[in-house]
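Content type compact mmCIF, C-alpha atoms, from the file final26.txt:
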```
# COMPACT_ATOMS: atom_id res chain seq x y z
CA MET C 1 -78.86 -8.91 -123.31
CA LYS C 2 -82.47 -10.08 -123.02
CA ARG C 3 -82.05 -10.86 -119.32
CA LEU C 4 -80.45 -7.45 -118.65
CA PHE C 5 -83.40 -5.76 -120.28
CA ILE C 6 -85.84 -7.65 -118.07
CA LEU C 7 -83.98 -6.71 -114.91
CA ILE C 8 -83.93 -3.04 -115.79
CA LEU C 9 -87.64 -3.07 -116.60
CA LEU C 10 -88.54 -4.80 -113.36
CA SER C 11 -86.59 -2.29 -111.28
CA ILE C 12 -89.67 -0.08 -111.61
CA PRO C 13 -92.30 -2.15 -109.77
CA ASN C 14 -95.25 -0.11 -110.96
CA ILE C 15 -94.44 0.08 -114.66
CA ALA C 16 -98.11 -0.60 -115.36
CA ALA C 17 -99.10 2.58 -113.56
CA ALA C 18 -96.57 4.51 -115.63
CA LEU C 19 -98.28 3.22 -118.79
CA ASP C 20 -101.81 3.95 -117.59
CA SER C 21 -103.71 5.93 -120.22
CA ASN C 22 -105.65 7.71 -117.46
CA ILE C 23 -102.87 9.69 -115.82
CA SER C 24 -103.60 11.10 -112.37
CA ILE C 25 -101.02 12.24 -109.85
CA GLY C 26 -103.32 13.06 -106.95
CA LYS C 27 -106.58 14.47 -105.76
CA THR C 28 -107.82 17.82 -104.51
CA ILE C 29 -109.62 18.14 -101.21
CA GLU C 30 -111.05 21.07 -99.27
CA ILE C 31 -110.42 21.58 -95.56
CA GLU C 32 -112.42 23.90 -93.36
CA SER C 33 -109.84 25.54 -91.09
CA LYS C 34 -110.87 26.99 -87.75
CA THR C 35 -107.33 28.22 -87.20
CA LEU C 36 -107.32 30.25 -90.42
CA ASN C 37 -111.06 30.90 -90.40
CA GLU C 38 -111.37 29.89 -94.05
CA LYS C 39 -111.44 26.93 -96.41
CA ARG C 40 -108.16 25.65 -97.83
CA ILE C 41 -107.53 23.66 -101.01
CA ILE C 42 -105.12 20.76 -100.48
CA GLN C 43 -103.56 18.48 -103.09
CA VAL C 44 -102.60 14.95 -102.05
CA HIS C 45 -100.42 12.49 -103.96
CA LEU C 46 -100.28 8.84 -102.86
CA PRO C 47 -97.26 6.85 -104.08
CA ASP C 48 -97.78 3.92 -106.45
CA ALA C 49 -96.89 1.38 -103.75
CA TYR C 50 -99.66 2.69 -101.49
CA ARG C 51 -102.21 0.30 -103.00
CA ASN C 52 -99.98 -2.81 -102.94
CA GLY C 53 -99.93 -3.51 -99.21
CA GLU C 54 -100.19 -1.92 -95.80
CA THR C 55 -96.94 0.05 -96.01
CA ARG C 56 -96.81 3.45 -94.33
CA PHE C 57 -95.07 6.41 -95.96
CA PRO C 58 -93.27 9.60 -94.88
CA VAL C 59 -94.98 12.84 -95.89
CA LEU C 60 -93.69 15.89 -97.76
CA TYR C 61 -95.64 19.12 -97.17
CA LEU C 62 -95.40 21.97 -99.71
CA THR C 63 -96.49 25.58 -99.77
CA ASP C 64 -97.60 27.07 -103.11
CA GLY C 65 -99.10 23.70 -103.98
CA PRO C 66 -100.65 24.64 -107.34
CA GLY C 67 -97.24 25.79 -108.62
CA HIS C 68 -95.01 23.07 -107.25
CA PHE C 69 -97.13 19.96 -106.68
CA SER C 70 -96.80 18.31 -110.10
CA HIS C 71 -93.05 18.74 -110.64
CA THR C 72 -92.31 17.72 -107.04
CA VAL C 73 -94.36 14.53 -107.48
CA GLY C 74 -92.35 13.78 -110.62
CA THR C 75 -89.04 14.45 -108.86
CA MET C 76 -89.99 12.27 -105.90
CA ASN C 77 -91.09 9.38 -108.11
CA PHE C 78 -87.95 9.63 -110.24
CA LEU C 79 -85.66 9.52 -107.21
CA ALA C 80 -87.69 6.77 -105.51
CA ASN C 81 -87.77 4.59 -108.62
CA ASN C 82 -83.99 4.87 -108.75
CA GLY C 83 -83.64 3.85 -105.11
CA ARG C 84 -82.37 7.23 -103.88
CA ILE C 85 -85.25 8.08 -101.55
CA PRO C 86 -88.40 6.38 -100.26
CA GLN C 87 -91.75 6.84 -101.92
CA MET C 88 -93.60 9.62 -100.14
CA ILE C 89 -97.07 11.02 -99.69
CA ILE C 90 -96.99 14.62 -100.97
CA VAL C 91 -99.34 17.29 -99.65
CA GLY C 92 -99.51 20.64 -101.45
CA VAL C 93 -101.21 23.60 -99.79
CA ALA C 94 -102.70 26.48 -101.77
CA ASN C 95 -102.24 29.93 -100.25
CA THR C 96 -105.04 32.50 -100.26
CA ASP C 97 -102.72 35.32 -99.17
CA ARG C 98 -99.06 34.37 -99.46
CA THR C 99 -97.66 37.41 -97.70
CA ARG C 100 -99.98 36.98 -94.74
CA ASP C 101 -99.51 33.20 -94.46
CA LEU C 102 -95.80 32.84 -95.01
CA THR C 103 -94.12 35.80 -93.32
CA PRO C 104 -93.25 36.16 -89.62
CA LYS C 105 -94.71 38.97 -87.54
CA ILE C 106 -93.16 42.35 -88.34
CA LEU C 107 -91.18 43.63 -85.38
CA VAL C 108 -88.57 45.93 -86.93
CA SER C 109 -89.39 47.16 -90.43
CA LYS C 110 -91.45 50.27 -91.17
CA ASP C 111 -92.10 49.22 -94.80
CA LEU C 112 -95.80 49.85 -95.39
CA ARG C 113 -95.95 47.59 -98.48
CA PHE C 114 -96.13 44.42 -96.39
CA GLN C 115 -98.32 45.42 -93.46
CA ASN C 116 -100.68 42.53 -94.25
CA GLY C 117 -97.85 40.11 -93.44
CA GLY C 118 -97.00 38.43 -90.20
CA GLY C 119 -99.27 35.37 -90.14
CA ALA C 120 -96.56 32.67 -90.29
CA ASP C 121 -97.05 31.54 -86.69
CA ASN C 122 -100.77 31.10 -87.23
CA PHE C 123 -100.19 29.28 -90.53
CA LEU C 124 -97.77 26.93 -88.76
CA ASN C 125 -100.50 26.29 -86.19
CA PHE C 126 -102.75 25.26 -89.08
CA PHE C 127 -100.18 22.66 -90.11
CA GLU C 128 -99.59 21.42 -86.58
CA GLN C 129 -103.14 21.41 -85.26
CA GLU C 130 -105.28 20.70 -88.34
CA LEU C 131 -103.55 19.64 -91.55
CA ILE C 132 -101.02 17.14 -90.15
CA PRO C 133 -103.62 15.44 -87.88
CA TYR C 134 -105.99 15.24 -90.87
CA ILE C 135 -103.38 13.61 -93.11
CA GLU C 136 -102.20 11.23 -90.40
CA LYS C 137 -105.78 10.19 -89.59
CA ASN C 138 -106.83 9.55 -93.20
CA TYR C 139 -103.65 8.10 -94.73
CA ARG C 140 -101.04 5.52 -93.79
CA THR C 141 -98.18 7.77 -92.71
CA GLN C 142 -94.81 7.23 -91.07
CA PRO C 143 -93.76 9.49 -88.20
CA TYR C 144 -91.42 11.42 -90.49
CA ARG C 145 -92.40 14.77 -92.02
CA VAL C 146 -90.55 16.95 -94.51
CA PHE C 147 -91.42 20.56 -95.26
CA SER C 148 -90.46 22.50 -98.38
CA GLY C 149 -91.13 26.13 -99.23
CA HIS C 150 -89.90 28.65 -101.80
CA SER C 151 -89.24 32.41 -101.49
CA PHE C 152 -91.64 33.56 -98.74
CA GLY C 153 -92.24 29.82 -98.33
CA GLY C 154 -88.51 29.38 -97.78
CA LEU C 155 -88.68 32.12 -95.17
CA PHE C 156 -91.60 30.28 -93.59
CA ALA C 157 -89.53 27.06 -93.53
CA LEU C 158 -86.69 28.78 -91.64
CA ASN C 159 -89.08 30.49 -89.25
CA ALA C 160 -90.73 27.14 -88.48
CA PHE C 161 -87.31 25.55 -87.98
CA LEU C 162 -86.28 28.28 -85.56
CA THR C 163 -89.55 28.50 -83.60
CA LYS C 164 -91.03 24.97 -83.64
CA PRO C 165 -88.43 22.57 -85.06
CA GLU C 166 -90.37 19.60 -83.67
CA VAL C 167 -93.21 19.98 -86.20
CA PHE C 168 -91.12 18.57 -89.09
CA ASN C 169 -88.14 16.23 -89.20
CA ALA C 170 -86.53 17.94 -92.18
CA TYR C 171 -86.76 21.36 -93.83
CA ILE C 172 -86.01 22.43 -97.41
CA SER C 173 -85.79 26.22 -97.75
CA VAL C 174 -85.58 27.39 -101.37
CA SER C 175 -84.28 30.94 -102.01
CA PRO C 176 -85.64 32.21 -98.68
CA SER C 177 -86.55 35.90 -98.49
CA LEU C 178 -84.36 36.57 -95.46
CA TRP C 179 -84.44 40.30 -96.16
CA TRP C 180 -87.89 40.29 -94.52
CA ASP C 181 -88.32 42.65 -91.58
CA ASP C 182 -84.81 44.09 -91.92
CA GLN C 183 -83.29 40.58 -91.81
CA ARG C 184 -84.73 39.89 -88.36
CA LEU C 185 -84.50 36.10 -88.75
CA ILE C 186 -80.71 36.40 -88.85
CA ASN C 187 -80.79 37.66 -85.26
CA ASP C 188 -83.34 35.00 -84.34
CA ALA C 189 -81.01 32.37 -85.83
CA LYS C 190 -78.06 33.65 -83.77
CA VAL C 191 -80.07 33.20 -80.59
CA PHE C 192 -81.31 29.79 -81.71
CA PHE C 193 -77.91 28.35 -82.59
CA ASN C 194 -76.33 29.71 -79.41
CA LYS C 195 -78.94 28.24 -77.07
CA THR C 196 -79.59 24.90 -78.82
CA ALA C 197 -77.28 22.11 -77.68
CA SER C 198 -78.72 19.25 -79.74
CA LEU C 199 -81.39 18.82 -82.40
CA ASP C 200 -82.00 15.76 -84.55
CA ARG C 201 -83.15 17.57 -87.67
CA THR C 202 -82.09 18.13 -91.28
CA LEU C 203 -82.01 21.62 -92.83
CA PHE C 204 -81.22 22.21 -96.51
CA VAL C 205 -81.11 25.76 -97.90
CA THR C 206 -80.61 26.84 -101.52
CA MET C 207 -80.16 30.10 -103.39
CA ALA C 208 -80.51 31.04 -107.05
CA ALA C 209 -78.68 33.82 -108.90
CA GLU C 210 -80.31 36.56 -106.87
CA SER C 211 -79.83 40.19 -105.89
CA ASP C 212 -77.60 41.27 -103.03
CA ARG C 213 -80.71 41.77 -100.92
CA MET C 214 -81.27 37.99 -101.12
CA LEU C 215 -77.65 36.84 -101.14
CA GLY C 216 -76.37 38.87 -98.20
CA PRO C 217 -78.57 37.44 -95.43
CA TYR C 218 -78.46 33.99 -97.06
CA ASN C 219 -74.66 33.88 -96.84
CA GLU C 220 -74.79 35.12 -93.26
CA PHE C 221 -77.28 32.42 -92.31
CA VAL C 222 -75.28 29.67 -94.05
CA ASN C 223 -72.04 30.67 -92.32
CA MET C 224 -73.81 30.77 -88.98
CA ALA C 225 -75.37 27.32 -89.48
CA LYS C 226 -72.08 25.78 -90.60
CA GLU C 227 -70.25 27.17 -87.58
CA SER C 228 -72.92 26.11 -85.10
CA LYS C 229 -72.19 23.34 -82.61
CA VAL C 230 -75.71 21.89 -82.51
CA LYS C 231 -75.31 18.15 -81.99
CA GLY C 232 -77.38 16.01 -84.35
CA LEU C 233 -78.23 18.81 -86.77
CA ILE C 234 -77.54 18.00 -90.40
CA PHE C 235 -77.14 21.22 -92.37
CA ALA C 236 -76.34 21.57 -96.07
CA ASN C 237 -76.73 24.27 -98.70
CA LYS C 238 -76.39 24.65 -102.45
CA GLU C 239 -76.29 27.59 -104.88
CA PHE C 240 -77.67 27.44 -108.42
CA ASP C 241 -75.91 30.25 -110.27
CA ASP C 242 -77.57 29.29 -113.56
CA GLU C 243 -81.13 29.45 -112.16
CA ASP C 244 -83.32 32.44 -111.40
CA HIS C 245 -85.68 32.96 -108.46
CA GLY C 246 -88.51 31.02 -110.11
CA SER C 247 -86.67 28.23 -111.90
CA THR C 248 -84.56 27.15 -108.93
CA VAL C 249 -87.36 25.24 -107.21
CA LEU C 250 -87.24 22.05 -109.28
CA ARG C 251 -83.52 21.46 -108.80
CA SER C 252 -83.75 22.49 -105.16
CA GLN C 253 -86.37 19.79 -104.58
CA TYR C 254 -84.17 17.23 -106.32
CA PHE C 255 -81.04 17.95 -104.30
CA GLY C 256 -83.01 18.71 -101.15
CA LEU C 257 -84.75 15.34 -101.13
CA LYS C 258 -81.46 13.57 -101.78
CA GLN C 259 -79.95 15.40 -98.81
CA VAL C 260 -82.89 14.65 -96.51
CA TRP C 261 -82.66 10.94 -97.36
CA ASP C 262 -78.88 10.72 -97.46
CA GLY C 263 -77.87 7.09 -96.91
CA TRP C 264 -81.08 5.63 -98.33
CA ASN C 265 -79.44 4.47 -101.55
CA MET C 266 -78.24 0.86 -101.30
CA PRO C 267 -74.50 0.31 -101.92
CA ARG C 268 -73.86 -1.45 -105.21
CA ASP C 269 -72.30 -4.58 -103.73
CA THR C 270 -75.19 -5.17 -101.30
CA PHE C 271 -77.52 -6.45 -104.00
CA SER C 272 -75.14 -9.23 -105.03
CA GLN C 273 -75.03 -10.49 -101.43
CA GLY C 274 -78.66 -11.57 -101.48
CA LEU C 275 -81.87 -10.92 -99.58
CA SER C 276 -80.39 -10.99 -96.07
CA ALA C 277 -77.87 -8.27 -96.95
CA VAL C 278 -80.59 -6.15 -98.55
CA GLN C 279 -82.78 -6.56 -95.48
CA ALA C 280 -79.86 -5.53 -93.26
CA HIS C 281 -79.41 -2.34 -95.31
CA TYR C 282 -83.04 -1.32 -94.84
CA LYS C 283 -82.89 -2.13 -91.12
CA LYS C 284 -79.96 0.28 -90.92
CA ILE C 285 -82.03 2.91 -92.71
CA ALA C 286 -84.93 2.32 -90.33
CA LYS C 287 -82.67 2.92 -87.36
CA LYS C 288 -81.33 6.15 -88.87
CA PHE C 289 -84.71 7.66 -89.73
CA GLY C 290 -86.71 6.25 -86.83
CA PHE C 291 -89.45 4.29 -88.58
CA ASP C 292 -89.98 0.81 -90.00
CA VAL C 293 -88.78 0.43 -93.59
CA GLN C 294 -89.84 -2.38 -95.90
CA VAL C 295 -87.59 -3.54 -98.71
CA PRO C 296 -89.16 -2.10 -101.91
CA GLU C 297 -91.11 -4.51 -104.06
CA GLY C 298 -88.92 -3.84 -107.11
CA ILE C 299 -85.69 -4.62 -105.22
CA ILE C 300 -87.04 -7.99 -104.06
CA ASN C 301 -88.34 -8.71 -107.56
CA ASN C 302 -84.90 -8.09 -109.04
CA LEU C 303 -83.30 -10.39 -106.47
CA GLY C 304 -85.74 -13.14 -107.44
CA TYR C 305 -85.11 -12.77 -111.16
CA ASN C 306 -81.37 -12.77 -110.59
CA ALA C 307 -81.72 -16.14 -108.85
CA LEU C 308 -84.06 -17.38 -111.57
CA GLY C 309 -81.61 -16.31 -114.28
CA ASP C 310 -78.84 -18.21 -112.47
CA GLU C 311 -81.16 -21.26 -112.37
CA LYS C 312 -81.30 -21.22 -108.57
CA LEU C 313 -84.97 -22.13 -108.62
CA ALA C 314 -85.48 -22.82 -104.90
CA LYS C 315 -83.86 -19.49 -104.00
CA ALA C 316 -85.96 -17.66 -106.59
CA ILE C 317 -89.17 -19.17 -105.21
CA GLU C 318 -88.12 -18.23 -101.67
CA VAL C 319 -87.47 -14.61 -102.64
CA PHE C 320 -90.65 -14.24 -104.70
CA ALA C 321 -92.72 -15.81 -101.88
CA TYR C 322 -91.27 -13.20 -99.52
CA ASN C 323 -92.42 -10.48 -101.92
CA VAL C 324 -95.95 -11.94 -101.89
CA LYS C 325 -95.91 -11.80 -98.10
CA MET C 326 -94.73 -8.18 -98.10
CA TYR C 327 -96.95 -6.89 -100.94
CA PRO C 328 -100.07 -9.09 -101.02
CA ASN C 329 -102.12 -6.67 -103.09
CA SER C 330 -99.66 -6.46 -105.99
CA ALA C 331 -100.48 -8.45 -109.12
CA ASN C 332 -96.84 -8.38 -110.14
CA VAL C 333 -95.54 -10.36 -107.13
CA TYR C 334 -97.85 -13.32 -107.84
CA ASP C 335 -96.90 -13.34 -111.50
CA SER C 336 -93.19 -13.39 -110.60
CA LEU C 337 -93.66 -16.23 -108.11
CA ALA C 338 -95.57 -18.16 -110.75
CA ASP C 339 -92.66 -17.66 -113.21
CA ALA C 340 -90.31 -19.44 -110.82
CA GLN C 341 -92.83 -22.16 -109.98
CA GLU C 342 -93.45 -22.84 -113.66
CA ALA C 343 -89.70 -23.08 -114.27
CA SER C 344 -89.41 -25.61 -111.42
CA GLY C 345 -92.25 -27.73 -112.79
CA ALA C 346 -94.77 -26.84 -110.07
CA LEU C 347 -97.49 -26.14 -112.64
CA ASN C 348 -100.50 -26.32 -110.32
CA LYS C 349 -98.97 -23.69 -108.02
CA ALA C 350 -97.92 -21.60 -111.01
CA TYR C 351 -101.45 -21.69 -112.44
CA LYS C 352 -102.91 -20.62 -109.09
CA ASN C 353 -100.56 -17.62 -108.83
CA TYR C 354 -100.97 -16.56 -112.47
CA ALA C 355 -104.73 -16.59 -111.82
CA LYS C 356 -104.21 -14.51 -108.67
CA ALA C 357 -102.15 -11.95 -110.62
CA LEU C 358 -104.94 -11.72 -113.20
CA GLU C 359 -107.53 -11.33 -110.44
CA LEU C 360 -105.62 -8.45 -108.82
CA ALA C 361 -104.77 -6.68 -112.07
CA GLU C 362 -106.84 -3.58 -112.61
CA SER C 363 -108.55 -2.94 -115.93
CA ASN C 364 -105.91 -0.39 -116.94
CA ASP C 365 -102.94 -2.59 -115.94
CA ALA C 366 -100.64 -2.77 -118.95
CA ASN C 367 -99.54 -6.27 -117.87
CA LYS C 368 -103.05 -7.73 -117.65
CA ALA C 369 -102.87 -9.31 -121.13
CA MET C 370 -99.54 -10.92 -120.20
CA PHE C 371 -101.05 -12.36 -117.01
CA GLU C 372 -103.88 -13.84 -119.08
CA LYS C 373 -101.45 -15.44 -121.56
CA ASN C 374 -99.35 -16.88 -118.73
CA LYS C 375 -102.44 -18.43 -117.15
CA GLU C 376 -103.61 -19.91 -120.48
CA ARG C 377 -100.14 -21.30 -121.27
CA VAL C 378 -99.88 -23.14 -117.95
CA ALA C 379 -103.46 -24.39 -118.29
CA LYS C 380 -102.49 -26.03 -121.60
CA LEU C 381 -99.36 -27.52 -120.03
CA LEU C 382 -101.46 -28.97 -117.20
CA THR C 383 -103.91 -30.45 -119.71
CA VAL C 384 -101.08 -32.18 -121.54
CA LYS C 385 -99.53 -33.37 -118.28
CA ASN C 386 -102.82 -34.79 -117.00
CA LYS C 387 -103.49 -36.47 -120.32
CA ILE C 388 -100.08 -38.18 -120.29
CA ALA C 389 -100.57 -39.22 -116.67
CA GLY C 390 -103.93 -40.84 -117.55
CA GLU C 391 -102.64 -42.91 -120.44
```

Produce structure tokens that represent the structure in this file.
Amino acid sequence: MKRLFILILLSIPNIAAALDSNISIGKTIEIESKTLNEKRIIQVHLPDAYRNGETRFPVLYLTDGPGHFSHTVGTMNFLANNGRIPQMIIVGVANTDRTRDLTPKILVSKDLRFQNGGGADNFLNFFEQELIPYIEKNYRTQPYRVFSGHSFGGLFALNAFLTKPEVFNAYISVSPSLWWDDQRLINDAKVFFNKTASLDRTLFVTMAAESDRMLGPYNEFVNMAKESKVKGLIFANKEFDDEDHGSTVLRSQYFGLKQVWDGWNMPRDTFSQGLSAVQAHYKKIAKKFGFDVQVPEGIINNLGYNALGDEKLAKAIEVFAYNVKMYPNSANVYDSLADAQEASGALNKAYKNYAKALELAESNDANKAMFEKNKERVAKLLTVKNKIAGE
């Protein structure tokens, strides 16, 4: 039972971050946009593993950042910590005029209430020409981008998919307002699906318990997408009959991210086959999504402790040493390697790696006291060993 508890705990490689008394999920930056001719507030979340090596991460872009940034970060971390999706950089964008930014140009409707709309193409240019280059210049990103938007943001997602699908690799459209401009995007979609032979993209669309004005064009779009013959397109949809227009976003992000990263989760029997099988799984993932994928630190750590628990000391040391190579800035990987070295009697090596873990541990690392005790324990063992050897 004790060993099972340890394995479950270590499956979350950044448990120390989760226990940090100074909780922060990101930072706010301001971008001067020439495209929009105004300043924009951007929220950026970096995943816990960002600081533990040189790994690059896919990016999720959100509209309505102030409303959806925090719960989306939580959803992403929850799914990533359970091995369902990769850790991601999340970028939330605040809108200064939602109707203007998120709606396509009005071509049909005579409704005077929304005459300030129609700036979606320009807002997409902001993403393509300014925001994405800024993020990719300043952060370690993978060449895989996901976009998610709700309501008018969901409409924006579909408009971007239909007009410039190359900007993002995957789109999550939450309760899209397809009634806009007398449902013009339905006609645009018909043209798109008829003329597009192949497209390697993922599109996930959801709908809450909404009015007929929302449901009618949604159902028409879904049927059209399902019947389309576009090679390579992955389309899925989901209705949440027990959610309203506002509450549907959280669950849509959860299921949407799972759909985007379908196949990421490692089959149960792979873990028992050892490191080579786990590496093969992530190579398969890399081929599917088109970017290099490292085996997560926590997965390797669990493999090492499995071997250590089975008293396969050489194998445990091999696995933990691989984790050190992959994540050289993580205190945890040195501490784990030292555990196996101490168990094998290599006390000098264990002391060196316990000291390295303590050196890398930040002041707010919940495991720092444990690293200190481990180092002191091995120091005492070395003193006794050297004393016996000198007698």

- Task: Can you pull out every residue within 7 Å of C:Gly118, counting only C-alpha atoms, but drop anything in the same chain fewer than 4 positions away, and send it as a PyMOL selection string?
- Result: chain C and resi 100+103-106

Residues near C:Lys258, anyone? I mean within 8 Å using only C-alpha atoms, not counting same-chain ones fewer than 5 positions away, as a JSON list (two decimals) with C-alpha atoms, keeping the file's coordinate frame.
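Written output follows (part_11.json):
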```
[["chain", "number", "residue", "atom", "x", "y", "z"],
["C", 79, "LEU", "CA", -85.66, 9.52, -107.21],
["C", 84, "ARG", "CA", -82.37, 7.23, -103.88],
["C", 85, "ILE", "CA", -85.25, 8.08, -101.55]]
```

Determine, counting all atoms listed in the file, which protein, DNA and RNA residues have an atom within 12 Å of an atom of C:Glu376; residues of the same chain fewer than 5 positions away are not included. Present the result as a PyMOL selection string. chain C and resi 347+350-352+354-355+358+369-371+381-383

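Candidate residues C:Ser344, C:Thr202, C:Ser363, C:Thr35 were compared for distance to C:Asp262, and the nearest is C:Thr202, using only C-alpha atoms.
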
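Here atom CA of C:Gln273 stands at a distance of 15.6 Å from atom CA of C:Gly309.
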
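Using all atoms listed in the file, the shortest contact distance between C:Asn306 and any of C:Ala331, C:Ala277, C:Ala340, C:Leu185 is found at C:Ala340.
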
_C:Lys315 surroundings by all atoms listed in the file, 12 Å radius, close-in-sequence under 3 positions cut, as a PyMOL selection string_ = chain C and resi 274-275+300+303-312+318-322+337+340-341+344

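With only C-alpha atoms as the atoms that count, the residue of C:Ser24, C:Asn169, C:Tyr61, C:His281 with the shortest distance to C:Asp269 is C:His281.
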
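The space separating atom CA of C:Glu128 from atom CA of C:Phe78 comes to 28.9 Å.
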
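Using all atoms listed in the file, the residues found no farther than 7 Å from C:Gly154, other than those of its own chain fewer than 4 positions away, are Gly149, His150, Leu158, Ser173, Val174, Ser175, Pro176 and Ser177 of chain C.
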
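Comparing C:Leu62, C:Val324, C:Val230, C:Leu124 by their smallest distance to C:Ala338, the closest is C:Val324 (using all atoms listed in the file).
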
Correct to one decimal, the distance atom CA of C:Asn82-atom CA of C:Ala49 is 14.3 Å

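Residue nearest C:Phe240, chosen from C:Lys137, C:Ala379, C:Gln142, C:Ser252 and counting only C-alpha atoms: C:Ser252.
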
Judged by all atoms listed in the file, the minimum distance to C:Asn52 among C:Asn348, C:Asn374, C:Asn353, C:Ser330 is found for C:Ser330

Just give me the residues with any atom within 10 Å of (-86.6, 27.4, -80.2), file coordinates, counting only C-alpha atoms, written as a list in words. Asn159, Ala160, Phe161, Leu162, Thr163, Lys164, Pro165, Glu166, Asp188, Ala189, Val191, Phe192, Phe193, Lys195 and Thr196 of chain C

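Around the point (-104.0, 5.7, -102.5), within 6 Å and counting all atoms listed in the file, we find these residues: Leu46, Tyr50 and Arg51 of chain C.
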